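Q: Please read through the structure below; I'll follow up with questions.
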Amino acid sequence: MKDFRHLLRCYPLSLLCLALIWYLCLFVNMPETPMDNVPFIDKWTHLAMYGGTTSVIWWEYLRHHSRLVFWKLFLFAFLGLILMSGVIELLQAYATTTRTGEWLDFVANTTGVCLGTLIGWCMYRWRRKK
């Protein structure tokens, strides 16, 4: 229980982003909007969700730690998010009737995680120079 309180205190925005991703990907049927006419809008959305979440995890991590433990960030903010993305796509394909799992969504999610990691690394370098 102490670990969960620590996570909640140190990573509230990260946990909120993760919960929103699960909710939006598994329980919400997206309504039609004028943005549906934009080519690959769904893929851009996936890229933004995962890139933003990864960046937020890095930001909160750097805010609460004076030293970078790269393997922790790699395990949770990189590999963990990519695996979570794959699980969500599989659940969409096999456990829901209103959603579909797509390989291109997984690629967009992974690309977002990679871009978010790059942004996080830049935040780390900038902070180190200060």
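By convention in this document, the chains of the structure tokens carry letters A, B, ... by their order, each chain's residues are numbered from 1, and ligands are numbered from 1 in the order they are shown.
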Set out as a Markdown table a contact list for range 45-114 of chain A and range 14-24 of chain A with a cut-off of 7 Å, giving each residue of range 45-114 of chain A that qualifies its closest atom pair and distance in Å to one decimal, counting only C-alpha atoms, ordered by chain and rising residue number.
A:
```
| residue | atom | partner | partner_atom | distance |
| --- | --- | --- | --- | --- |
| A:Thr53 | CA | A:Cys17 | CA | 5.8 |
| A:Val56 | CA | A:Ser14 | CA | 5.9 |
| A:Ile57 | CA | A:Ser14 | CA | 5.4 |
```
Q: Name all residues at most 12 Å from range 27-38 of chain A (count only C-alpha atoms; drop same-chain ones fewer than 3 positions away) and give them as a PyMOL selection string.
A: chain A and resi 19-24+41-45+88+91-92+95-100
Q: Write the residues of the preceding selection, restricted to N, CA, C and O atoms, as a tab-separated table (two decimals), in the first residue's frame.
A:
```tsv
chain	number	residue	atom	x	y	z
A	19	ALA	N	-4.60	5.81	-17.14
A	19	ALA	CA	-6.01	5.45	-16.95
A	19	ALA	C	-6.85	5.95	-18.12
A	19	ALA	O	-7.75	5.24	-18.60
A	20	LEU	N	-6.57	7.16	-18.59
A	20	LEU	CA	-7.32	7.70	-19.73
A	20	LEU	C	-7.09	6.87	-20.99
A	20	LEU	O	-8.04	6.63	-21.76
A	21	ILE	N	-5.86	6.43	-21.22
A	21	ILE	CA	-5.59	5.59	-22.39
A	21	ILE	C	-6.41	4.31	-22.32
A	21	ILE	O	-7.06	3.92	-23.29
A	22	TRP	N	-6.38	3.64	-21.17
A	22	TRP	CA	-7.15	2.39	-21.02
A	22	TRP	C	-8.64	2.66	-21.24
A	22	TRP	O	-9.31	1.91	-21.96
A	23	TYR	N	-9.14	3.72	-20.64
A	23	TYR	CA	-10.56	4.04	-20.76
A	23	TYR	C	-10.95	4.35	-22.21
A	23	TYR	O	-11.91	3.80	-22.74
A	24	LEU	N	-10.19	5.23	-22.83
A	24	LEU	CA	-10.52	5.64	-24.20
A	24	LEU	C	-10.39	4.49	-25.19
A	24	LEU	O	-11.17	4.38	-26.13
A	41	ILE	N	-5.93	10.42	-39.01
A	41	ILE	CA	-6.17	11.15	-37.76
A	41	ILE	C	-6.11	10.21	-36.57
A	41	ILE	O	-5.60	10.57	-35.50
A	42	ASP	N	-6.58	8.99	-36.74
A	42	ASP	CA	-6.54	8.00	-35.66
A	42	ASP	C	-5.10	7.69	-35.26
A	42	ASP	O	-4.77	7.60	-34.08
A	43	LYS	N	-4.24	7.56	-36.25
A	43	LYS	CA	-2.83	7.24	-35.96
A	43	LYS	C	-2.13	8.43	-35.29
A	43	LYS	O	-1.33	8.24	-34.38
A	44	TRP	N	-2.43	9.65	-35.73
A	44	TRP	CA	-1.87	10.84	-35.10
A	44	TRP	C	-2.32	10.93	-33.64
A	44	TRP	O	-1.55	11.34	-32.77
A	45	THR	N	-3.57	10.55	-33.40
A	45	THR	CA	-4.09	10.56	-32.03
A	45	THR	C	-3.34	9.57	-31.16
A	45	THR	O	-2.96	9.88	-30.03
A	88	ILE	N	-3.43	-3.70	-25.14
A	88	ILE	CA	-4.68	-2.98	-25.45
A	88	ILE	C	-5.15	-3.31	-26.86
A	88	ILE	O	-6.35	-3.54	-27.08
A	91	LEU	N	-6.65	-6.74	-26.73
A	91	LEU	CA	-7.96	-6.69	-26.06
A	91	LEU	C	-9.02	-6.07	-26.96
A	91	LEU	O	-10.17	-6.52	-26.98
A	92	GLN	N	-8.65	-5.03	-27.70
A	92	GLN	CA	-9.61	-4.43	-28.62
A	92	GLN	C	-10.04	-5.44	-29.68
A	92	GLN	O	-11.20	-5.48	-30.06
A	95	ALA	N	-11.49	-8.92	-27.18
A	95	ALA	CA	-12.33	-8.84	-25.99
A	95	ALA	C	-13.43	-7.79	-26.08
A	95	ALA	O	-14.20	-7.63	-25.15
A	96	THR	N	-13.47	-7.04	-27.18
A	96	THR	CA	-14.54	-6.05	-27.35
A	96	THR	C	-15.27	-6.33	-28.65
A	96	THR	O	-14.73	-6.95	-29.57
A	97	THR	N	-16.49	-5.85	-28.69
A	97	THR	CA	-17.26	-6.02	-29.93
A	97	THR	C	-17.36	-4.71	-30.70
A	97	THR	O	-17.77	-4.71	-31.86
A	98	THR	N	-16.97	-3.61	-30.07
A	98	THR	CA	-17.12	-2.30	-30.72
A	98	THR	C	-15.79	-1.71	-31.16
A	98	THR	O	-15.79	-0.66	-31.80
A	99	ARG	N	-14.68	-2.33	-30.83
A	99	ARG	CA	-13.36	-1.81	-31.18
A	99	ARG	C	-12.60	-2.87	-31.97
A	99	ARG	O	-12.90	-4.05	-31.90
A	100	THR	N	-11.60	-2.41	-32.72
A	100	THR	CA	-10.74	-3.34	-33.46
A	100	THR	C	-9.29	-3.06	-33.11
A	100	THR	O	-8.91	-1.92	-32.86
```
Q: I want to know what sits within 10 Å of Leu118 in chain A, based on only C-alpha atoms, with residues of the same chain fewer than 3 positions away left out; could you give that as a list in words?
A: Gly51, Thr54, Ser55, Trp58, Gly112, Val113, Cys114, Leu115, Trp121, Cys122, Met123 and Tyr124 of chain A
Q: With distances taken over only C-alpha atoms, which residue among A:Trp103, A:Cys25, A:Gly86, A:Leu68 lies nearest Met49 in chain A?
A: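 Distance minimum relative to Met49 in chain A lands on A:Cys25.
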Q: Going by DSSP on the backbone, which bits of range 29-99 of chain A are helix (DSSP H, G or I)? Write them as a PyMOL selection string, please.
A: chain A and resi 34-37+41-64+70-94
Q: So what do you get for CA of Phe78 in chain A versus CA of Leu104 in chain A, distance-wise?
A: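 Distance reported for this atom pair: 18.2 Å.
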Q: Just how far from CA of Arg128 in chain A is CA of Leu8 in chain A, in Å to one decimal?
A: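 CA of Arg128 in chain A lies at a distance of 25.7 Å from CA of Leu8 in chain A.
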Q: Could you state the separation of CA of Phe70 in chain A and CA of Ile82 in chain A in Å, given to one decimal place?
A: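 About the pair CA of Phe70 in chain A and CA of Ile82 in chain A: they are 16.5 Å apart.
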Q: Can you pull out the residues contacting Arg127 in chain A? Cut-off 12 Å, using only C-alpha atoms, and skip same-chain residues under 6 positions away; I want them as a ChimeraX atom specification.
A: /A:58-59,62-63,65-68,120-121
Q: Would you mind telling me which residue in A:Tyr50, A:Trp126, A:Tyr61, A:Leu26 lies nearest to Leu7 in chain A when using only C-alpha atoms?
A: A:Tyr61
Q: So that I can check the surroundings of Asn109 in chain A, please list as a list in words every protein, DNA and RNA residue that reaches within 7 Å of it, counting only C-alpha atoms and ignoring chain neighbours fewer than 5 positions away.
A: His46, Leu47, Tyr50 and Ser85 of chain A
